[in-house]
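Data block below; observations after.
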Amino acid sequence: MKEKDNSMGPLRNRILDSIRPQAQEFFRMHADVRPMNTGDVIFEDGAPVTHVVFPHEGVVSIIADNAIGTRH
């Protein structure tokens, strides 16, 4: 089986950096590294969760509507 090359290099996320070396290697082999841009939607409300995101840098915001429809 060919080894996946995703050019992840050193982990640049504090959560991933804190896990055991074997788990870090698993992420290096199986994770997809992709660029993200301002305004990209990571998850849609009510959609099934199909992946997780570990940002390397920047800010991720959570925007949610409350029961009366006001955004927070």
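Ligands are numbered from 1 in the order shown, residues from 1 within each chain, and chains are lettered A, B, ... in the order they appear in the structure tokens.
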Could you pull out the helix (DSSP H, G or I) residues of region 19-69 of chain A, going by DSSP on the backbone, and write them as a ChimeraX atom specification? /A:21-30
Identify, on the basis of only C-alpha atoms, every residue whose closest approach to region 41-45 of chain A does not exceed 12 Å; exclude the query and any residue fewer than 2 positions from it along the same chain; express the result as a PyMOL selection string. chain A and resi 34-39+47-55+60-66
Using only C-alpha atoms, which residues sit within 9 Å of Asn13 (chain A) once same-chain residues fewer than 2 positions away are excluded, as a list of chain:residue names?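 Near Asn13 (chain A), the qualifying residues are A:Leu11, A:Ile15, A:Leu16, A:Asp17, A:Ser18, A:Phe54, A:Pro55, A:His56, A:Glu57.
Interatomic distance, CA of Met29 (chain A) to CA of Gly46 (chain A): 29.5 Å.
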